[in-house]
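For reference, the structure discussed in these notes is given below.
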Amino acid sequence: MITLLAGLLILFFGYIFYSKYVEKQFAPDNRKTPAREMADGLDYVSMPMHKNLLIHLLNIAGLGPILGVIQGILFGPVAFILIPLGCILMGGVHDYFCGMISMRHKGAQVTELIREYLGKNFFRIFIILVSVMLMLVSVVFIYTAGDVMAERFLGQNDFSIQNPVMITIYTAIALYYILASMFPIDKIIGKFYPLFALTLIFGTLFIVIGFLTKGVSLTEINLARLNFHPQKLHILPVFFMTVSCGLLSGFHSTQATIISRTVESEFQGKKIFYGMMCLESLIAMVWAAASMHVYSNNLVPEGLVGSANVINIIADTFVAPYLAFIVTLAVVILPITSGDTALRALRLMIADIIKTKQSTIKGRLKIMAPVILVLVAVLIWAKYNSNSFSIIWRYFNFVNQLIAIPTFLYATVFLYKNGKNYFITLIPGLFYIFITSSFILNAKIGLNLPYITSEISGIFITALSLWMIYKNLLFKNNKCNTMIVNSDK
């Protein structure tokens, strides 16, 4: 329990102090936000901070803070330290600058910010990666939410596409995704997300109450043995690819830019973007502790370790039967409320690229019709192939962490141009260049090179990237002629 408490203190005091320093580097002011200056009743809608807080929390909190830590805690109690440290120094910084820089550029999507700060070559590469990731998010979250609902609430054990019940559930979720991505943000998302967020918070709180009333068995950190993983997977880089939401997630960059169009004041940005990342990390810590308990007490069959089935075991272990359904409902809500905004983000990105106005249903359908066809095709393929989910999930994790890098890089350019401390974004960006490159070089889904070779190559790629960043991004920008922070005053 001491290690968990130490991690919680890192998270609490990190937010109190480091978020203030990060905010100071951006320097928010009283200018009009896109929500006030460009209101269109669809995507640019001014909403009160409490709604933005809860909506953004659900947007960013997919299955990552639960499924990711169920797998990540297998590395041992070191996870209780790495998760909050990663959140404070990387995840919160990433989300804050993505949302705030977007606000300074009229609510521009992450792809447009990449083109603005990193150039067309980066833009061409990452528009493909981001689009693929958002499509994978939507498919994976229809898949997982549908299966959990069918098993927990309808008693189904046949999850194949031949089961009419599964077809009905998948269709209902997909229709919700489409409607939520096309309707004005305050009509569906704005009305229901606060209630969904409260369900998530209460579901997590019930588990905490279970800790207090039933007790929880936690292993303490041991400096002589940091890695407890049963398969001897390496903390560097695998842990940082396994635990995304709660630590760092590139997917958040696509969600922060949605909320950048609904925030009423720049001074709310710290609580919305940085604060909700920390709250997501707190949720991840609770589920990590619950996972460690059920693993250490042998409550999880060997074949289910690290799987989504652990969610139901945790609910049944810590929560009374008549309340356990709320925990499961909260878990179902997470993928649903991230999948719909993934499609919304994809629509907005494509609209920005092809310059199609979204004020009419026709303009939105022009983009969404082909997106829906691709979504259905990928979902059908996934259901007809038994190992498709694990393949999609692994590639999603890789792409998810990969696309966090350009956000750190354009935030670095932004800070450099404005004479601020750009190391707070440059160092996390370089760290994840090392993590993603060494991972894909070593992983079976990548080049499958020996671990040492991959690590040395990752260091070389990171050093080369640092040289290219200074040569091609920073030294080409003159601090004196582009004070973007004050450009809209």
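How things are named: the first chain in the structure tokens is A, the next is B, and so on; residues count from 1 in each chain; ligands count from 1 in the order shown.
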Exercise. Would you mind listing what lies within 10 Å of Ile127 (chain A) as a list in words, with only C-alpha atoms counted and same-chain residues fewer than 5 positions away left out?
Key: Val110, Thr111, Glu112, Ile114, Arg115, Phe122, Val132, Met133, Leu346, Met349, Ile350, Ile353 and Ile403 of chain A
Practice problem: Write out as a list in words the residues lying within 8 Å of region 52-55 of chain A, counting only C-alpha atoms and excluding same-chain residues fewer than 4 positions away. | Solution: Met47, Pro48, Asn59, Ile189, Gly190, Tyr193, Pro194, Ala197, Ile259, Thr262, Val263, Lys271, Ile272 and Met276 of chain A
Serialized selection, N, CA and C atoms, as a tab-separated table (two decimals), in the first residue's frame:
```
chain	number	residue	atom	x	y	z
A	47	MET	N	-19.54	25.99	-23.97
A	47	MET	CA	-20.15	25.17	-22.92
A	47	MET	C	-19.49	25.48	-21.58
A	48	PRO	N	-20.22	25.37	-20.48
A	48	PRO	CA	-19.65	25.66	-19.16
A	48	PRO	C	-18.53	24.68	-18.82
A	59	ASN	N	-14.05	11.53	-23.28
A	59	ASN	CA	-13.43	11.48	-24.60
A	59	ASN	C	-12.09	10.76	-24.56
A	189	ILE	N	-23.71	14.69	-27.10
A	189	ILE	CA	-22.54	14.58	-26.23
A	189	ILE	C	-22.68	15.50	-25.02
A	190	GLY	N	-23.08	16.73	-25.25
A	190	GLY	CA	-23.19	17.69	-24.16
A	190	GLY	C	-24.23	17.33	-23.12
A	193	TYR	N	-23.04	13.00	-21.79
A	193	TYR	CA	-21.70	12.71	-21.28
A	193	TYR	C	-21.52	13.02	-19.80
A	194	PRO	N	-22.06	14.14	-19.29
A	194	PRO	CA	-21.91	14.37	-17.85
A	194	PRO	C	-22.49	13.24	-17.01
A	197	ALA	N	-20.13	10.30	-17.32
A	197	ALA	CA	-18.92	10.53	-16.53
A	197	ALA	C	-19.16	10.24	-15.06
A	259	ILE	N	-12.51	19.63	-27.87
A	259	ILE	CA	-12.91	20.46	-26.74
A	259	ILE	C	-12.35	21.88	-26.86
A	262	THR	N	-14.95	24.38	-27.61
A	262	THR	CA	-16.10	24.59	-26.72
A	262	THR	C	-15.72	25.28	-25.41
A	263	VAL	N	-14.42	25.56	-25.21
A	263	VAL	CA	-13.94	26.16	-23.96
A	263	VAL	C	-14.20	27.67	-23.97
A	271	LYS	N	-7.32	22.98	-15.99
A	271	LYS	CA	-8.21	22.02	-15.33
A	271	LYS	C	-8.79	21.03	-16.33
A	272	ILE	N	-9.12	21.52	-17.52
A	272	ILE	CA	-9.77	20.64	-18.50
A	272	ILE	C	-8.78	19.66	-19.10
A	276	MET	N	-7.96	16.66	-16.30
A	276	MET	CA	-8.68	15.43	-16.64
A	276	MET	C	-7.72	14.29	-16.99
```
Quiz item: Can you tell me, as an MDAnalysis selection string, what residues are no more than 8 Å from region 135-138 of chain A when counting only C-alpha atoms, ignoring any on the same chain fewer than 4 positions away?
Solution: chainID A and resid 131 142 338:340 342:343 375 392 396
Create the file for the chosen residues now, containing C-alpha atoms and written as a PDB file, in the first residue's frame.
```pdb
ATOM      1  CA  SER A 131      -6.865   8.444 -39.691  1.00  0.00           C
ATOM      2  CA  ILE A 142     -17.591  -1.241 -30.962  1.00  0.00           C
ATOM      3  CA  SER A 338     -14.331   7.422 -26.990  1.00  0.00           C
ATOM      4  CA  GLY A 339     -15.388   5.694 -30.195  1.00  0.00           C
ATOM      5  CA  ASP A 340     -18.012   8.291 -31.085  1.00  0.00           C
ATOM      6  CA  ALA A 342     -12.983   9.331 -32.579  1.00  0.00           C
ATOM      7  CA  LEU A 343     -15.336   9.442 -35.558  1.00  0.00           C
ATOM      8  CA  LEU A 375     -15.855   1.065 -40.530  1.00  0.00           C
ATOM      9  CA  ILE A 392      -5.780  -4.614 -34.198  1.00  0.00           C
ATOM     10  CA  PHE A 396      -3.505   0.452 -32.289  1.00  0.00           C
TER      11      PHE A 396
END
```
Quiz prompt | Within 8 Å of region 317-320 of chain A using only C-alpha atoms, minus same-chain residues under 4 positions, as number ranges by chain | solution = A: 206-207, 209-211, 214, 294, 313, 324
Can you list every residue of region 235-268 of chain A that has an atom at most 12 Å from region 405-417 of chain A, with its nearest atom pair and the distance in Å to one decimal, using only C-alpha atoms, ordered by chain then number, as a Markdown table?
```
| residue | atom | partner | partner_atom | distance |
| --- | --- | --- | --- | --- |
| A:Leu248 | CA | A:Ile405 | CA | 10.5 |
| A:Ser249 | CA | A:Ile405 | CA | 10.0 |
| A:Gly250 | CA | A:Ile405 | CA | 7.7 |
| A:Phe251 | CA | A:Thr407 | CA | 10.6 |
| A:His252 | CA | A:Thr407 | CA | 10.1 |
| A:Ser253 | CA | A:Thr407 | CA | 7.3 |
| A:Thr254 | CA | A:Thr407 | CA | 10.3 |
| A:Ala256 | CA | A:Thr407 | CA | 11.3 |
| A:Thr257 | CA | A:Thr407 | CA | 11.5 |
```
Keeping only all heavy atoms, write the selected residues to a file as a short mmCIF file (atom, residue, chain, number, x, y, z; two decimals), in the first residue's frame.
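out_3.cif, freshly written:
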```
data_model
loop_
_atom_site.label_atom_id
_atom_site.label_comp_id
_atom_site.auth_asym_id
_atom_site.auth_seq_id
_atom_site.Cartn_x
_atom_site.Cartn_y
_atom_site.Cartn_z
N LEU A 248 0.30 8.28 -20.99
CA LEU A 248 0.41 9.12 -22.19
C LEU A 248 -0.34 8.43 -23.31
O LEU A 248 -0.19 7.23 -23.51
CB LEU A 248 1.86 9.34 -22.60
CG LEU A 248 2.06 10.02 -23.97
CD1 LEU A 248 1.67 11.49 -23.90
CD2 LEU A 248 3.49 9.87 -24.47
N SER A 249 -1.12 9.18 -24.06
CA SER A 249 -1.86 8.61 -25.19
C SER A 249 -1.93 9.63 -26.31
O SER A 249 -2.44 10.73 -26.14
CB SER A 249 -3.27 8.21 -24.77
OG SER A 249 -4.04 7.83 -25.89
N GLY A 250 -1.44 9.24 -27.49
CA GLY A 250 -1.53 10.12 -28.64
C GLY A 250 -2.96 10.36 -29.08
O GLY A 250 -3.27 11.39 -29.68
N PHE A 251 -3.84 9.41 -28.79
CA PHE A 251 -5.26 9.57 -29.12
C PHE A 251 -5.84 10.83 -28.50
O PHE A 251 -6.73 11.47 -29.08
CB PHE A 251 -6.03 8.33 -28.62
CG PHE A 251 -7.52 8.44 -28.71
CD1 PHE A 251 -8.17 8.46 -29.93
CD2 PHE A 251 -8.29 8.53 -27.55
CE1 PHE A 251 -9.55 8.55 -30.00
CE2 PHE A 251 -9.67 8.62 -27.61
CZ PHE A 251 -10.30 8.63 -28.84
N HIS A 252 -5.33 11.22 -27.35
CA HIS A 252 -5.85 12.40 -26.67
C HIS A 252 -5.71 13.67 -27.51
O HIS A 252 -6.47 14.62 -27.34
CB HIS A 252 -5.14 12.61 -25.33
CG HIS A 252 -5.43 11.54 -24.33
ND1 HIS A 252 -5.02 11.62 -23.01
CD2 HIS A 252 -6.10 10.35 -24.43
CE1 HIS A 252 -5.41 10.53 -22.37
NE2 HIS A 252 -6.05 9.75 -23.21
N SER A 253 -4.71 13.69 -28.40
CA SER A 253 -4.52 14.89 -29.22
C SER A 253 -5.70 15.11 -30.15
O SER A 253 -6.03 16.25 -30.49
CB SER A 253 -3.23 14.77 -30.04
OG SER A 253 -3.31 13.71 -30.98
N THR A 254 -6.37 14.03 -30.55
CA THR A 254 -7.53 14.17 -31.42
C THR A 254 -8.77 14.60 -30.65
O THR A 254 -9.73 15.10 -31.22
CB THR A 254 -7.83 12.84 -32.15
OG1 THR A 254 -8.23 11.85 -31.19
CG2 THR A 254 -6.59 12.35 -32.89
N ALA A 256 -8.56 16.51 -27.53
CA ALA A 256 -8.36 17.84 -26.97
C ALA A 256 -8.74 18.92 -27.97
O ALA A 256 -9.25 19.99 -27.60
CB ALA A 256 -6.90 18.01 -26.53
N THR A 257 -8.50 18.66 -29.24
CA THR A 257 -8.82 19.67 -30.26
C THR A 257 -10.33 19.79 -30.49
O THR A 257 -10.80 20.82 -30.99
CB THR A 257 -8.13 19.32 -31.59
OG1 THR A 257 -8.43 17.96 -31.95
CG2 THR A 257 -6.62 19.49 -31.46
#
```
Practice problem: Please provide as a ChimeraX atom specification all residues within 12 Å of Leu223 (chain A), with the sequence filter that same-chain residues fewer than 2 positions apart are discarded (counting only C-alpha atoms). | Solution: /A:3,76-78,220-221,225-228
Exercise. Record the distance separating CA of Lys383 (chain A) and CA of Thr199 (chain A), expressed in Å with one decimal.
Key: 29.1 Å
